[in-house]
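For reference, the structure is listed below as structure tokens.
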Amino acid sequence: IEEAIGELDFTLLLSALLTAAVMWLFLGSWTATLNVILAIPTSIIGTFMALYALGFTLNAFTLLGLSLAIGIVVDDAIMVLENIVRHHEDGKNRLQASLDGSKEIGFAALAATAAIIAIFLPVAFMKGIVGRYFYQFGVTLSVAVALSLLEALTLTPMRCSRFLDSTTRTTRIGRAVDGAFDALAKGYARALPWVLDRPWKVIIGSILFFAATVSLATILRREFVPAQDTRMLMARITAPVGSSLAYTDSHMKEIEAYFTGRPELDGYYAAIGGFGGGDVNTGMIFLTLKKPGERPINPATGNHFTQQELLSVYRDGLKAFKGVKAFVQDPSLSAFSAKRGFPIELTVKGPDYEQLIAASRSLFMAMDGTGLVADVDSDFQEGMPEIQIRPDRAKARNRGVSTDVVARTINVLVGGSIAGQYAQAGHRHDIVTQLESTERAKPEDILSLYVRNNRGELVPLGEVASLQKKASLQAIGRQDRERAISVYANLSPKVSQAVALQKILALSKEVLPAGYRVVPSGSAKTFQESFDSLIFALVLGIVVSYMVLATQFNSFVHPVTVLMALPFSVSGAFVALWIGGQSLNLYSMIGLILLMGIVKKNSILLVDFTNQVRAEGSPLRKALEKACPQRLRPILMTSVATVAGAIPPALALGPGAETRIPMALGVIGGVVVSTTLTLFVVPCVYSVLSGLENRGRRV
């Protein structure tokens, strides 16, 4: 935990430095760069106040929100400062440029910030344990963005009115950046008329592109959380039911010797018995691995062993041990989950326990046959030897023996009874009344016991009772007031959790008899519930965003134009995750939700400034050709700043990097693709929908 939090702190600082470098490249002025960068401490430190007031901690989710907010909180300041600089370059003095520039861009900044917060409102109210984490993440980002707007509309214009200087480049790098941007701006200005002449072709082409990239969702692995290299693995050992503690201990020592000889192991802790209510035939070993750079080289890859590679090595190694069932589990997959934390956790339910056992065995064999899972296990353990003493009630009645006396006699002489206590060396010790171990070594010894009848006579127990040996269950499970057997499994390498779960649930309908069913539990249940909640929150966030934008623009049409940026952000995120070999998981879904708020800023800038130019009397086509190129620089600046802020999490190599990489990659891919297509698609949609504007505007 300490290492992961330290890595997040470093990521936070590096994101701020990269964002500052991007600002300097675009603005060419240290005073202008400092003006923008000051939005970072104002927003971040101000957010600490809100976190403290709400009782939040600096945890993985709040720090993750802050590190991703680095590239976002500067957006409002960039939009305001860039607009002020443009007015200043037109010949206005600092004060007038600050007043006019901030007034002109204020609505767009407000609309963009409101759109981001609107996305996170539904997310903040998600239910369940995942919702508790998302609540802190959503509130952290929302507060940071709201404070950045306040800073951009107040402190940024004030500083510009006093310290804004010329942005003329004198260095070679500065002139090169200026030249590249000028060439890009001229190219965009030339391409825009060609695009506006063919709006429907551009729109249809973008729709086809979106459809093609969305199909990647079927290719991407889907899982609840990605496996992390936490330097910790866990081995479970199960001896045959009825095994003694000594038997389990002897085999545990053999497995300990195997792990002791592994060079990548830093230490381990082993324990047997006591799990699940005194299961003396079970044991666990908690393995602590060395840091990735200190582990041996994997001959197959030429790199140091990863935690997942060692998982496969240990799984194969434990197969050599006979007499016990042993397998290895990755504890990092048990995040946000109760129970045992396996990626596949199912509960078989039904009315009759005998048929339930047969049904679970059928499911076991079906799961093994898929090749999608490994280490199939269950809380059902059959074969526990049980001795049943059955009183013959007729004989007992004739001899005057009570069944209660039979039970108490066996309980005291075989099980033992505390008759009193004695003190020795300041400690109290129990006095246990019990037969000697040699007199209770065999089941038949029980029948040789004597019990007293109602006349005080001693009667041999064998004359009034019989003994029966039977294999029984070690534990009987129930869930939701139904008989239940839990089934657990790990995933095979490179297998999607969603695919495996879907396949097994489909198989269960084929192999289970009528009246018996399988329901997801533990991690599998949380996985399904969380993704359903996330998709609902995503859709609801888009609806809320439309309502907010409709209120701000006083139009039903312009919000549709603004929201056209959203599909392309999803396309870019899927492409980036596919190229990066990442899965669609909880953290990449956070990135998608974050994208829903970020990418709307670009289209808001285009739509708002086009409206302003049209309000001055320009026709639609001229307004688009004038407004869009003028908004190119702030759009590129905010997009590049967001990408720069997400680069450190995307390249993270420290502890917990596996959770930050998919989120950051999704943000980078979504911003790059959405920005590129928004510059061309949004003007086309604006021109097509302009005919509906009067009908869509609420007067």
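Identifiers in this document derive from the order of the structure tokens: chains are assigned A, B, ..., residues are numbered from 1 separately in each chain, and ligands are numbered from 1 in order of occurrence.
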Using only C-alpha atoms, which protein or nucleic acid residues come within 12 Å of Gln388 of chain A? Drop anything in the same chain fewer than 4 positions from it, and give the result as a list of chain:residue names.
A:Ala407, A:Ile410, A:Pro443, A:Glu444, A:Ile446, A:Leu447, A:Ala465, A:Ser466, A:Leu467, A:Gln468, A:Lys469, A:Lys470, A:Ala471, A:Ser472
Considering only C-alpha atoms, return as a PyMOL selection string whatever protein or nucleic-acid residues lie within 12 Å of segment 159-166 of chain A, sequence-local ones (same chain, fewer than 3 positions apart) excluded.
chain A and resi 27-36+38-39+77-78+80-102+151-156+169-170
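Across the structure, atom CA of Ile418 of chain A and atom CA of Leu245 of chain A are spaced 23.6 Å apart.
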Please run DSSP on the backbone and report, as a PyMOL selection string, all residues within segment 352-500 of chain A that come out as strand (DSSP E).
chain A and resi 373-378+382-391+417-424+427-433+450-452+458-460+465-473+478-479+482-491
Hey, could you make a per-residue contact list for segment 180-255 of chain A against segment 661-683 of chain A with 8 Å as the cut-off, showing the nearest pair of atoms and its distance in Å to one decimal, counting only C-alpha atoms, sorted by chain and number, as a tab-separated table?
```
residue	atom	partner	partner_atom	distance
A:Leu192	CA	A:Phe680	CA	6.9
A:Val195	CA	A:Phe680	CA	6.8
A:Leu196	CA	A:Pro683	CA	7.2
A:Pro199	CA	A:Val681	CA	7.9
A:Val202	CA	A:Val681	CA	6.5
A:Ile203	CA	A:Val681	CA	6.2
A:Ser206	CA	A:Val681	CA	7.4
```
Selection: 10 Å around segment 352-356 of chain A, only C-alpha atoms, excl. self and same-chain fewer than 4 positions, as a list of chain:residue names:
A:Val348, A:Ser360, A:Arg361, A:Ser362, A:Ile476, A:Gly477, A:Glu482, A:Arg483, A:Ala484, A:Ile485, A:Leu512, A:Pro513, A:Gly515, A:Tyr516, A:Arg517
